[in-house]
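Participant: So I've got this file, protein07.cif, and it contains mmCIF, C-alpha atoms and all ligand atoms:
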data_target
loop_
_atom_site.label_atom_id
_atom_site.label_comp_id
_atom_site.auth_asym_id
_atom_site.auth_seq_id
_atom_site.Cartn_x
_atom_site.Cartn_y
_atom_site.Cartn_z
CA MET A 1432 0.00 0.00 0.00
CA ASP A 1433 1.20 3.51 -0.90
CA LYS A 1434 2.41 5.16 2.35
CA MET A 1435 0.72 8.36 1.19
CA ILE A 1436 -2.72 6.74 1.36
CA ARG A 1437 -4.26 5.66 4.63
CA GLU A 1438 -7.48 3.88 5.52
CA ALA A 1439 -10.01 6.50 6.50
CA MET A 1440 -11.71 6.80 9.88
CA TYR A 1441 -15.46 7.15 10.47
CA TRP A 1442 -17.24 5.08 7.86
CA SER A 1443 -19.49 2.04 7.59
CA LYS A 1444 -20.48 -0.39 4.85
CA GLU A 1445 -23.85 -0.24 3.11
CA GLY A 1446 -23.76 -3.19 0.70
CA ASP A 1447 -20.91 -2.51 -1.74
CA ALA A 1448 -21.08 1.20 -0.98
CA ILE A 1449 -19.60 3.08 1.97
CA ARG A 1450 -21.30 5.64 4.16
CA CYS A 1451 -18.73 8.26 5.21
CA GLU A 1452 -19.52 9.56 8.71
CA LEU A 1453 -16.90 12.30 8.94
CA CYS A 1454 -19.01 15.29 7.99
CA PRO A 1455 -22.74 15.98 7.92
CA HIS A 1456 -22.97 15.24 4.18
CA ARG A 1457 -22.69 11.53 5.09
CA CYS A 1458 -21.83 10.69 1.48
CA LEU A 1459 -22.81 7.26 0.19
CA ILE A 1460 -19.74 6.35 -1.89
CA LYS A 1461 -19.83 3.61 -4.52
CA VAL A 1462 -16.81 1.40 -5.33
CA GLY A 1463 -14.19 3.37 -7.29
CA LYS A 1464 -15.78 6.73 -6.41
CA ARG A 1465 -14.79 9.57 -4.09
CA GLY A 1466 -17.00 11.56 -1.71
CA LEU A 1467 -18.12 15.11 -2.32
CA CYS A 1468 -14.91 16.53 -0.78
CA ARG A 1469 -12.80 14.41 -3.23
CA SER A 1470 -10.54 13.30 -0.36
CA ARG A 1471 -12.04 9.88 0.41
CA LEU A 1472 -12.11 6.97 -2.03
CA ASN A 1473 -14.04 3.71 -1.89
CA SER A 1474 -11.43 1.23 -3.10
CA ALA A 1475 -12.72 -2.35 -3.23
CA GLY A 1476 -15.13 -1.77 -0.35
CA LYS A 1477 -12.79 0.13 2.00
CA LEU A 1478 -12.60 3.90 2.47
CA PHE A 1479 -9.19 5.55 2.01
CA ALA A 1480 -7.95 9.09 2.68
CA VAL A 1481 -6.29 9.82 -0.67
CA ASN A 1482 -5.02 13.26 0.44
CA TYR A 1483 -3.02 11.80 3.36
CA GLN A 1484 0.38 13.56 3.80
CA LYS A 1485 -0.17 15.52 0.57
CA SER A 1486 -0.33 19.30 0.65
CA ILE A 1487 -1.48 21.79 -1.94
CA SER A 1488 0.94 24.42 -0.54
CA ILE A 1489 3.66 24.66 2.11
CA SER A 1490 4.69 28.04 3.41
CA VAL A 1491 5.46 30.15 6.47
CA ASP A 1492 2.88 32.88 7.10
CA PRO A 1493 2.29 35.59 9.70
CA ILE A 1494 -0.32 34.34 12.20
CA GLU A 1495 -2.34 37.50 11.42
CA LYS A 1496 -2.96 36.14 7.91
CA LYS A 1497 -5.03 33.19 9.21
CA PRO A 1498 -6.56 35.43 10.73
CA LEU A 1499 -5.73 34.90 14.41
CA TYR A 1500 -5.29 38.15 16.35
CA HIS A 1501 -5.27 36.97 19.97
CA TYR A 1502 -3.00 33.96 19.46
CA HIS A 1503 0.74 34.68 19.62
CA PRO A 1504 0.51 38.01 17.72
CA GLY A 1505 3.45 38.82 15.50
CA SER A 1506 4.57 35.18 15.19
CA GLN A 1507 5.14 33.14 12.05
CA ILE A 1508 3.51 29.78 11.49
CA LEU A 1509 4.25 26.84 9.19
CA SER A 1510 1.16 26.49 6.99
CA ALA A 1511 -0.17 23.77 4.72
CA GLY A 1512 -3.50 22.43 3.47
CA PRO A 1513 -5.12 19.56 1.58
CA ASN A 1514 -6.46 19.80 -1.98
CA SER A 1515 -10.04 19.26 -0.80
CA CYS A 1516 -13.08 20.86 0.76
CA ASN A 1517 -16.47 19.59 1.91
CA LEU A 1518 -18.41 22.78 1.15
CA SER A 1519 -19.03 24.24 -2.30
CA CYS A 1520 -19.51 27.98 -1.63
CA PHE A 1521 -20.30 29.66 -4.95
CA PHE A 1522 -18.19 32.66 -3.87
CA CYS A 1523 -15.15 30.60 -2.75
CA GLN A 1524 -12.09 32.83 -2.60
CA ASN A 1525 -9.77 29.80 -2.88
CA HIS A 1526 -11.65 27.68 -5.42
CA PRO A 1527 -8.72 26.56 -7.66
CA ILE A 1528 -7.21 24.65 -4.71
CA SER A 1529 -10.40 23.76 -2.79
CA GLN A 1530 -12.81 22.75 -5.57
CA GLU A 1531 -10.52 21.38 -8.30
CA ASP A 1532 -7.92 18.60 -8.37
CA GLN A 1533 -4.39 20.02 -8.48
CA PRO A 1534 -0.90 18.56 -8.18
CA THR A 1535 0.12 18.22 -4.52
CA MET A 1536 3.43 18.01 -2.64
CA ASN A 1537 4.71 15.32 -0.33
CA PHE A 1538 4.06 16.55 3.23
CA SER A 1539 5.11 13.56 5.28
CA PHE A 1540 5.76 13.73 9.02
CA GLU A 1541 9.50 13.33 8.25
CA ILE A 1542 9.37 16.46 6.09
CA ILE A 1543 7.58 18.39 8.84
CA LYS A 1544 10.16 17.27 11.42
CA SER A 1545 13.00 18.24 9.07
CA ILE A 1546 11.51 21.74 8.55
CA PHE A 1547 11.47 22.37 12.31
CA ALA A 1548 14.96 20.89 12.67
CA GLU A 1549 16.30 23.26 10.00
CA TYR A 1550 14.42 26.41 11.03
CA LYS A 1551 15.09 26.44 14.76
CA ASN A 1552 13.52 29.87 15.28
CA LEU A 1553 10.22 28.83 13.76
CA PRO A 1554 7.62 28.44 16.55
CA HIS A 1555 6.61 24.82 17.10
CA ARG A 1556 3.14 25.34 15.67
CA ILE A 1557 1.44 24.38 12.41
CA ALA A 1558 -1.62 25.88 10.72
CA LEU A 1559 -3.70 23.55 8.57
CA THR A 1560 -5.34 26.09 6.33
CA TYR A 1561 -5.99 27.34 2.74
CA THR A 1562 -8.75 24.73 2.09
CA GLU A 1563 -10.63 22.50 4.58
CA PRO A 1564 -8.42 20.75 7.12
CA PHE A 1565 -11.19 18.48 8.45
CA THR A 1566 -10.96 16.68 5.09
CA TRP A 1567 -7.40 15.90 6.29
CA TYR A 1568 -8.79 14.21 9.38
CA GLU A 1569 -6.49 11.16 9.45
CA PHE A 1570 -3.46 13.33 8.75
CA ILE A 1571 -4.29 15.60 11.74
CA HIS A 1572 -4.94 12.55 13.91
CA ASP A 1573 -1.59 10.94 13.07
CA LEU A 1574 0.36 14.23 13.09
CA ALA A 1575 -0.65 14.78 16.72
CA ALA A 1576 0.63 11.29 17.59
CA GLU A 1577 3.85 11.58 15.53
CA ILE A 1578 4.86 15.03 16.86
CA PRO A 1579 3.10 15.28 20.22
CA ASP A 1580 4.55 18.65 21.25
CA LEU A 1581 3.51 20.36 18.01
CA LYS A 1582 0.66 22.86 18.51
CA ILE A 1583 -1.94 22.28 15.80
CA VAL A 1584 -4.04 25.18 14.53
CA LEU A 1585 -7.02 24.68 12.21
CA ILE A 1586 -8.45 27.30 9.87
CA THR A 1587 -11.71 25.56 9.15
CA ASN A 1588 -15.32 25.79 8.02
CA GLY A 1589 -16.27 23.78 11.13
CA PHE A 1590 -18.50 21.41 9.11
CA ILE A 1591 -17.92 18.08 10.83
CA MET A 1592 -19.95 15.46 12.71
CA ASP A 1593 -19.98 15.62 16.48
CA GLU A 1594 -18.19 12.32 17.17
CA PRO A 1595 -15.05 12.90 15.05
CA LEU A 1596 -15.01 16.49 16.31
CA SER A 1597 -14.95 15.31 19.94
CA GLU A 1598 -12.12 12.90 19.17
CA ILE A 1599 -9.92 15.49 17.45
CA LEU A 1600 -10.47 18.55 19.70
CA PRO A 1601 -8.04 17.49 22.47
CA LYS A 1602 -5.29 17.49 19.82
CA ILE A 1603 -6.02 21.07 18.68
CA ASP A 1604 -4.58 24.24 20.23
CA ALA A 1605 -6.38 26.95 18.24
CA MET A 1606 -8.97 27.38 15.52
CA ASN A 1607 -10.32 30.06 13.29
CA ILE A 1608 -13.80 28.89 12.34
CA ASP A 1609 -15.35 30.47 9.28
CA ILE A 1610 -19.07 31.02 9.74
CA LYS A 1611 -20.49 31.85 6.32
CA SER A 1612 -23.75 33.21 7.72
CA ILE A 1613 -25.90 32.70 10.80
CA ASN A 1614 -28.76 31.91 8.41
CA ASP A 1615 -29.30 28.23 7.57
CA GLU A 1616 -30.94 29.10 4.23
CA PHE A 1617 -27.68 30.80 3.19
CA TYR A 1618 -25.73 27.62 3.93
CA LYS A 1619 -28.19 25.44 2.01
CA LYS A 1620 -28.46 27.74 -1.00
CA HIS A 1621 -24.92 29.08 -1.36
CA CYS A 1622 -22.55 26.60 0.32
CA GLY A 1623 -24.14 23.16 0.18
CA GLY A 1624 -24.05 22.92 3.98
CA ARG A 1625 -25.93 23.72 7.20
CA VAL A 1626 -25.19 26.22 9.96
CA GLN A 1627 -25.96 24.05 12.99
CA PRO A 1628 -22.90 21.76 12.76
CA VAL A 1629 -20.70 24.87 12.45
CA LEU A 1630 -22.24 26.41 15.59
CA ASN A 1631 -21.75 23.08 17.36
CA THR A 1632 -18.04 23.15 16.42
CA ILE A 1633 -17.62 26.72 17.72
CA LYS A 1634 -19.41 25.87 20.97
CA LYS A 1635 -17.62 22.61 21.65
CA ALA A 1636 -14.16 23.90 20.75
CA ASN A 1637 -14.66 26.88 23.07
CA GLU A 1638 -15.96 24.63 25.90
CA GLN A 1639 -12.97 22.33 25.58
CA GLY A 1640 -10.44 25.13 25.94
CA VAL A 1641 -9.36 25.46 22.31
CA HIS A 1642 -8.47 29.07 21.46
CA VAL A 1643 -11.27 30.01 19.04
CA GLU A 1644 -11.63 33.01 16.74
CA VAL A 1645 -14.39 33.32 14.13
CA THR A 1646 -14.43 34.80 10.63
CA ASN A 1647 -17.44 36.03 8.65
CA LEU A 1648 -17.06 37.01 4.99
CA LEU A 1649 -19.47 39.87 4.36
CA ILE A 1650 -21.18 39.56 0.96
CA PRO A 1651 -23.33 42.50 -0.18
CA GLY A 1652 -27.03 41.65 -0.24
CA LEU A 1653 -26.52 38.05 0.92
CA ASN A 1654 -25.45 38.09 4.58
CA ASP A 1655 -24.80 41.75 5.47
CA SER A 1656 -28.12 42.94 6.86
CA GLU A 1657 -28.13 44.56 10.31
CA PRO A 1658 -30.40 41.89 11.84
CA GLU A 1659 -28.15 39.13 10.51
CA ILE A 1660 -24.93 40.69 11.80
CA THR A 1661 -26.60 41.36 15.16
CA LYS A 1662 -27.85 37.77 15.36
CA LEU A 1663 -24.38 36.43 14.56
CA ALA A 1664 -22.73 38.63 17.21
CA LYS A 1665 -25.38 37.78 19.83
CA THR A 1666 -25.08 34.04 19.12
CA MET A 1667 -21.30 34.24 19.52
CA ALA A 1668 -21.64 36.33 22.69
CA GLU A 1669 -23.86 33.64 24.24
CA ILE A 1670 -21.02 31.15 23.66
CA ASN A 1671 -18.19 33.47 24.73
CA PRO A 1672 -18.25 37.30 24.42
CA GLU A 1673 -14.42 37.34 24.42
CA MET A 1674 -14.20 35.23 21.25
CA PRO A 1675 -12.76 37.50 18.52
CA LEU A 1676 -14.81 38.00 15.36
CA HIS A 1677 -13.19 38.97 12.04
CA ILE A 1678 -15.57 40.57 9.54
CA SER A 1679 -13.91 40.39 6.13
CA ALA A 1680 -14.58 42.03 2.79
CA TYR A 1681 -15.50 39.66 -0.02
CA HIS A 1682 -14.36 40.11 -3.65
CA PRO A 1683 -16.02 38.57 -6.73
CA ASP A 1684 -14.64 35.08 -7.31
CA PHE A 1685 -15.54 31.59 -8.56
CA LYS A 1686 -19.21 31.64 -9.65
CA CYS A 1687 -20.15 34.89 -7.89
CA ASP A 1688 -20.04 38.29 -9.59
CA ILE A 1689 -21.64 40.42 -6.87
CA PRO A 1690 -19.50 43.60 -6.56
CA ARG A 1691 -16.97 43.57 -3.73
CA THR A 1692 -17.84 44.68 -0.17
CA THR A 1693 -17.06 48.33 0.51
CA SER A 1694 -14.72 49.29 3.36
CA GLN A 1695 -17.51 51.37 4.88
CA ASP A 1696 -19.88 48.38 5.01
CA VAL A 1697 -17.22 46.29 6.76
CA MET A 1698 -16.54 49.06 9.31
CA ASP A 1699 -20.28 49.52 9.94
CA ALA A 1700 -20.65 45.78 10.52
CA VAL A 1701 -17.67 45.82 12.92
CA LYS A 1702 -19.29 48.64 14.95
CA LEU A 1703 -22.58 46.76 15.08
CA ALA A 1704 -21.00 43.50 16.22
CA LYS A 1705 -18.98 45.36 18.87
CA GLN A 1706 -22.22 46.08 20.71
CA HIS A 1707 -22.21 42.41 21.72
CA LEU A 1708 -18.61 41.18 21.46
CA ARG A 1709 -15.45 42.53 23.03
CA TRP A 1710 -13.03 41.95 20.14
CA VAL A 1711 -14.23 42.57 16.57
CA TYR A 1712 -11.90 43.26 13.63
CA SER A 1713 -12.10 44.13 9.95
CA GLY A 1714 -10.41 42.00 7.27
CA ASN A 1715 -9.33 42.58 3.66
CA ILE A 1716 -9.72 46.37 3.78
CA GLY A 1717 -6.19 47.32 4.80
CA TRP A 1718 -4.68 48.05 8.22
CA GLY A 1719 -5.68 50.65 10.80
CA SER A 1720 -7.64 51.11 14.00
CA PHE A 1721 -10.11 48.38 12.96
CA THR A 1722 -7.29 45.81 12.87
CA ASP A 1723 -5.59 47.03 16.06
CA THR A 1724 -6.52 45.82 19.54
CA ILE A 1725 -7.70 48.72 21.66
CA CYS A 1726 -7.93 48.44 25.45
CA GLU A 1727 -11.58 48.87 26.43
CA LYS A 1728 -10.71 50.56 29.71
CA CYS A 1729 -7.97 53.10 28.86
CA ASN A 1730 -8.55 53.28 25.09
CA GLN A 1731 -4.85 52.77 24.28
CA THR A 1732 -3.76 50.66 21.30
CA ILE A 1733 -2.36 47.55 22.97
CA ILE A 1734 -1.69 45.52 19.82
CA HIS A 1735 -0.68 47.59 16.81
CA ARG A 1736 -0.85 45.44 13.64
CA ARG A 1737 0.75 46.35 10.35
CA PRO A 1738 2.20 43.98 7.71
CA ASN A 1739 5.26 42.26 9.23
CA ASN A 1740 5.21 44.74 12.11
CA VAL A 1741 3.22 43.92 15.23
CA LYS A 1742 3.84 45.85 18.44
CA MET A 1743 2.31 44.94 21.78
CA LEU A 1744 1.74 47.07 24.84
CA MET A 1745 0.94 44.31 27.28
CA THR A 1746 2.62 42.78 30.25
CA ASP A 1747 3.76 39.21 29.81
CA LYS A 1748 4.34 38.63 33.51
CA ALA A 1749 0.78 38.02 34.57
CA GLU A 1750 -0.90 34.64 34.04
CA GLN A 1751 -3.63 36.49 32.17
CA PRO A 1752 -2.09 39.06 29.81
CA VAL A 1753 -3.02 42.62 30.76
CA CYS A 1754 -2.80 46.10 29.26
CA LYS A 1755 0.51 47.70 30.30
CA ILE A 1756 -1.17 51.05 30.97
CA CYS A 1757 -4.22 50.12 33.05
CA ASN A 1758 -3.91 46.38 33.85
CA GLU A 1759 -7.17 45.50 32.08
CA SER A 1760 -7.17 41.82 31.03
CA VAL A 1761 -6.73 40.86 27.39
CA TRP A 1762 -8.23 37.53 26.31
CA GLY A 1763 -6.04 35.15 24.33
CA ARG A 1764 -2.76 33.26 24.19
CA PHE A 1765 0.31 35.46 23.99
S1 LIG B 1801 -15.89 14.04 4.59
FE1 LIG B 1801 -16.05 14.07 2.35
S2 LIG B 1801 -16.66 11.97 1.77
FE2 LIG B 1801 -17.03 12.21 3.98
S3 LIG B 1801 -19.19 12.81 4.16
FE3 LIG B 1801 -17.98 14.72 4.10
S4 LIG B 1801 -17.88 15.31 1.95
FE4 LIG B 1801 -18.56 13.17 2.00
#
Is it possible to give me this structure as structure tokens?

Facilitator:
Amino acid sequence: MDKMIREAMYWSKEGDAIRCELCPHRCLIKVGKRGLCRSRLNSAGKLFAVNYQKSISISVDPIEKKPLYHYHPGSQILSAGPNSCNLSCFFCQNHPISQEDQPTMNFSFEIIKSIFAEYKNLPHRIALTYTEPFTWYEFIHDLAAEIPDLKIVLITNGFIMDEPLSEILPKIDAMNIDIKSINDEFYKKHCGGRVQPVLNTIKKANEQGVHVEVTNLLIPGLNDSEPEITKLAKTMAEINPEMPLHISAYHPDFKCDIPRTTSQDVMDAVKLAKQHLRWVYSGNIGWGSFTDTICEKCNQTIIHRRPNNVKMLMTDKAEQPVCKICNESVWGRF
């Protein structure tokens, strides 16, 4: 058996076909066929993860690019992702690598170990990103066992069944979960998914002590109404009002030609969400006060973010990081 293919987890037989139980699609996969995410193949009545240890891209990125703003700001992170996704958003901003088969690179555990051995200053963390890391489930599972001290970060759509989620969460240090909309109709119509499993992932990850931030891509006329933004912020606040929310500008891509989100609309949405959440940021509209972290109590900029230049005004002595000026607590891992 090819070392780069591994038997998949979470499936059962239904006659000659296989029911994949990893994500809520629960694909019924016939012999010789792959599931909707293209990462799992029914070969002679067994399900295999065909994207195992294969990455569409390998690079080192600023953590701010994920985006994660309250998780080791200013650090770099080794980043990679599979050539697969289990949603089919018609506006996908990464569709050539998420929705279409592309050549991939060998990303074995030996290669990962050798990268950290060579680049000694690189923090011992890895972001599984660019596409959908839950379609790399077996790779994440085995990576955590192979390199136990490696902190694993997922940039994910959160669309996974509860049981595999519960199994993988103890191996995860941080997540940015992309909620496409708080509206289930949006998920059904535009993404081929449902919102409830995504909310379950946010809730469970937060409960289990994973550092969670959330991203919402604001698409004009589709998910940018005031009631919808308010509902999203309130729902998040019920889970954890400290959880950062990133509201990002969309641009026309894939099958969607709606004109791009204006900077003003993003800033208005940020202000609205801030009525319910403590940390709300803009994305994809440049850098400024809406991407900085401002202390709520003394109004000083405590994390100043610009490309490749992040400055912090916080004390690192306390167990809970605090503002250097007024000692107000700052939620996150620093
Ligand atoms: S993980 Fe892939 S194969 Fe499995 S149910 Fe989801 S889309 Fe289908």

Participant: Rank nothing, just name the residue among A:Val1753, A:Ile1591, A:Ile1586, A:Leu1708 nearest to ligand LIG 1801 (chain B), using all atoms listed in the file.

Facilitator: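 Selected residue with least distance to ligand LIG 1801 (chain B): A:Ile1591.
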
Participant: Which chains and residue numbers are within 6 Å of ligand LIG 1801 (chain B), counting all atoms listed in the file, if I want them as a ChimeraX atom specification?

Facilitator: /A:1451-1454,1456-1458,1466-1468,1471,1517,1566

Participant: Which residues come within 9 Å of range 1550-1559 of chain A, counting all atoms listed in the file, excluding same-chain residues fewer than 5 positions away, as a list of chain:residue names?

Facilitator: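 With the cut-off at 9 Å, the set is A:Val1491, A:Ile1494, A:Lys1497, A:Ser1506, A:Gln1507, A:Ile1508, A:Leu1509, A:Ser1510, A:Ala1511, A:Gly1512, A:Pro1513, A:Ser1545, A:Pro1564, A:Trp1567, A:Ile1571, A:Asp1580, A:Leu1581, A:Lys1582, A:Ile1583, A:Val1584, A:Leu1585, A:Ile1586, A:Thr1587, A:Ala1605, A:Met1606.
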
Participant: Once you have the residues from the selection above, write them out as a PDB file, in the frame of the given file, restricted to C-alpha atoms.

Facilitator:
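Below you can see selection-v3.pdb, which holds the result:
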ATOM      1  CA  VAL A1491       5.460  30.150   6.470  1.00  0.00           C
ATOM      2  CA  ILE A1494      -0.320  34.340  12.200  1.00  0.00           C
ATOM      3  CA  LYS A1497      -5.030  33.190   9.210  1.00  0.00           C
ATOM      4  CA  SER A1506       4.570  35.180  15.190  1.00  0.00           C
ATOM      5  CA  GLN A1507       5.140  33.140  12.050  1.00  0.00           C
ATOM      6  CA  ILE A1508       3.510  29.780  11.490  1.00  0.00           C
ATOM      7  CA  LEU A1509       4.250  26.840   9.190  1.00  0.00           C
ATOM      8  CA  SER A1510       1.160  26.490   6.990  1.00  0.00           C
ATOM      9  CA  ALA A1511      -0.170  23.770   4.720  1.00  0.00           C
ATOM     10  CA  GLY A1512      -3.500  22.430   3.470  1.00  0.00           C
ATOM     11  CA  PRO A1513      -5.120  19.560   1.580  1.00  0.00           C
ATOM     12  CA  SER A1545      13.000  18.240   9.070  1.00  0.00           C
ATOM     13  CA  PRO A1564      -8.420  20.750   7.120  1.00  0.00           C
ATOM     14  CA  TRP A1567      -7.400  15.900   6.290  1.00  0.00           C
ATOM     15  CA  ILE A1571      -4.290  15.600  11.740  1.00  0.00           C
ATOM     16  CA  ASP A1580       4.550  18.650  21.250  1.00  0.00           C
ATOM     17  CA  LEU A1581       3.510  20.360  18.010  1.00  0.00           C
ATOM     18  CA  LYS A1582       0.660  22.860  18.510  1.00  0.00           C
ATOM     19  CA  ILE A1583      -1.940  22.280  15.800  1.00  0.00           C
ATOM     20  CA  VAL A1584      -4.040  25.180  14.530  1.00  0.00           C
ATOM     21  CA  LEU A1585      -7.020  24.680  12.210  1.00  0.00           C
ATOM     22  CA  ILE A1586      -8.450  27.300   9.870  1.00  0.00           C
ATOM     23  CA  THR A1587     -11.710  25.560   9.150  1.00  0.00           C
ATOM     24  CA  ALA A1605      -6.380  26.950  18.240  1.00  0.00           C
ATOM     25  CA  MET A1606      -8.970  27.380  15.520  1.00  0.00           C
TER      26      MET A1606
END

Participant: Neighbouring residues of Glu1438 in chain A were defined as those with any atom within 7 Å, considering only C-alpha atoms; residues of the same chain fewer than 6 positions away were excluded. Please report them as a PyMOL selection string.

Facilitator: chain A and resi 1478-1480

Participant: Using all atoms listed in the file for the distances, tell me which of A:Tyr1500, A:Trp1762, A:Tyr1681, A:Phe1590 is nearest to Val1741 in chain A.

Facilitator: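 For Val1741 in chain A, the nearest of the candidates is A:Tyr1500.
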
Participant: Smallest atom-to-atom distance to Val1481 in chain A: which of A:Lys1496, A:His1501, A:Arg1437, A:Arg1737, using only C-alpha atoms?

Facilitator: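 Of A:Lys1496, A:His1501, A:Arg1437, A:Arg1737, the one nearest Val1481 in chain A is A:Arg1437, counting only C-alpha atoms.
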
Participant: Please identify all polymer residues within 8 Å of Met1435 in chain A, counting only C-alpha atoms, omitting same-chain residues fewer than 2 positions from it, and present them as a PDB file with C-alpha atoms, keeping the file's coordinate frame.

Facilitator:
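Heads up, here's the output in result.pdb:
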ATOM      1  CA  ASP A1433       1.200   3.510  -0.900  1.00  0.00           C
ATOM      2  CA  ARG A1437      -4.260   5.660   4.630  1.00  0.00           C
ATOM      3  CA  VAL A1481      -6.290   9.820  -0.670  1.00  0.00           C
ATOM      4  CA  ASN A1482      -5.020  13.260   0.440  1.00  0.00           C
ATOM      5  CA  TYR A1483      -3.020  11.800   3.360  1.00  0.00           C
ATOM      6  CA  GLN A1484       0.380  13.560   3.800  1.00  0.00           C
ATOM      7  CA  LYS A1485      -0.170  15.520   0.570  1.00  0.00           C
ATOM      8  CA  SER A1539       5.110  13.560   5.280  1.00  0.00           C
TER       9      SER A1539
END

Participant: Which one is closest to Pro1752 in chain A: A:Gly1476, A:Tyr1502, A:Pro1690, A:Asp1604? Count all atoms listed in the file.

Facilitator: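 Going through A:Gly1476, A:Tyr1502, A:Pro1690, A:Asp1604 one by one, the smallest distance to Pro1752 in chain A is for A:Tyr1502.
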
Participant: Which residue, A:Glu1669, A:Asp1684, A:Asp1447, A:Asp1723, has the smallest gap to His1735 in chain A when you use only C-alpha atoms?

Facilitator: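 Under the stated criterion, the closest residue is A:Asp1723.
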
Participant: Skip Ile1578 in chain A itself and residues of its chain fewer than 5 positions away, then list as JSON, numbers by chain all residues within 9 Å of it, counting all atoms listed in the file.

Facilitator: {"A": [1540, 1544, 1573]}

Participant: Find the distance between CA of Ser1515 in chain A and CA of Val1697 in chain A and write it in Å to one decimal.

Facilitator: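 Value for the CA of Ser1515 in chain A-CA of Val1697 in chain A distance: 29.0 Å.
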
Participant: So, with all atoms listed in the file as the atoms that count, which of A:Arg1450, A:Arg1709, A:His1526, A:Lys1611 lies closest to Thr1646 in chain A?

Facilitator: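 Distance minimum relative to Thr1646 in chain A lands on A:Lys1611.
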
Participant: Please rebuild range 1508-1522 of chain A with N, CA and C atoms and return the result as a compact mmCIF listing (two decimals), keeping the file's coordinate frame.

Facilitator:
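Full text of part20.txt as output:
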# COMPACT_ATOMS: atom_id res chain seq x y z
N ILE A 1508 3.99 31.15 11.30
CA ILE A 1508 3.51 29.78 11.49
C ILE A 1508 3.64 28.98 10.19
N LEU A 1509 4.18 27.76 10.33
CA LEU A 1509 4.25 26.84 9.19
C LEU A 1509 2.81 26.52 8.77
N SER A 1510 2.54 26.62 7.47
CA SER A 1510 1.16 26.49 6.99
C SER A 1510 1.08 25.52 5.81
N ALA A 1511 0.04 24.71 5.81
CA ALA A 1511 -0.17 23.77 4.72
C ALA A 1511 -1.65 23.43 4.65
N GLY A 1512 -2.08 22.79 3.58
CA GLY A 1512 -3.50 22.43 3.47
C GLY A 1512 -3.72 21.35 2.42
N PRO A 1513 -4.81 20.61 2.56
CA PRO A 1513 -5.12 19.56 1.58
C PRO A 1513 -5.77 20.15 0.33
N ASN A 1514 -5.81 19.37 -0.73
CA ASN A 1514 -6.46 19.80 -1.98
C ASN A 1514 -7.93 19.33 -1.95
N SER A 1515 -8.66 19.76 -0.92
CA SER A 1515 -10.04 19.26 -0.80
C SER A 1515 -10.85 20.14 0.13
N CYS A 1516 -12.16 20.13 -0.10
CA CYS A 1516 -13.08 20.86 0.76
C CYS A 1516 -14.44 20.18 0.73
N ASN A 1517 -15.16 20.24 1.86
CA ASN A 1517 -16.47 19.59 1.91
C ASN A 1517 -17.63 20.57 1.78
N LEU A 1518 -17.34 21.85 1.51
CA LEU A 1518 -18.41 22.78 1.15
C LEU A 1518 -18.16 23.22 -0.30
N SER A 1519 -19.17 23.84 -0.89
CA SER A 1519 -19.03 24.24 -2.30
C SER A 1519 -19.55 25.68 -2.46
N CYS A 1520 -19.05 26.59 -1.63
CA CYS A 1520 -19.51 27.98 -1.63
C CYS A 1520 -19.33 28.59 -3.03
N PHE A 1521 -20.38 29.17 -3.57
CA PHE A 1521 -20.30 29.66 -4.95
C PHE A 1521 -19.43 30.92 -5.07
N PHE A 1522 -19.04 31.48 -3.90
CA PHE A 1522 -18.19 32.66 -3.87
C PHE A 1522 -16.77 32.32 -3.40
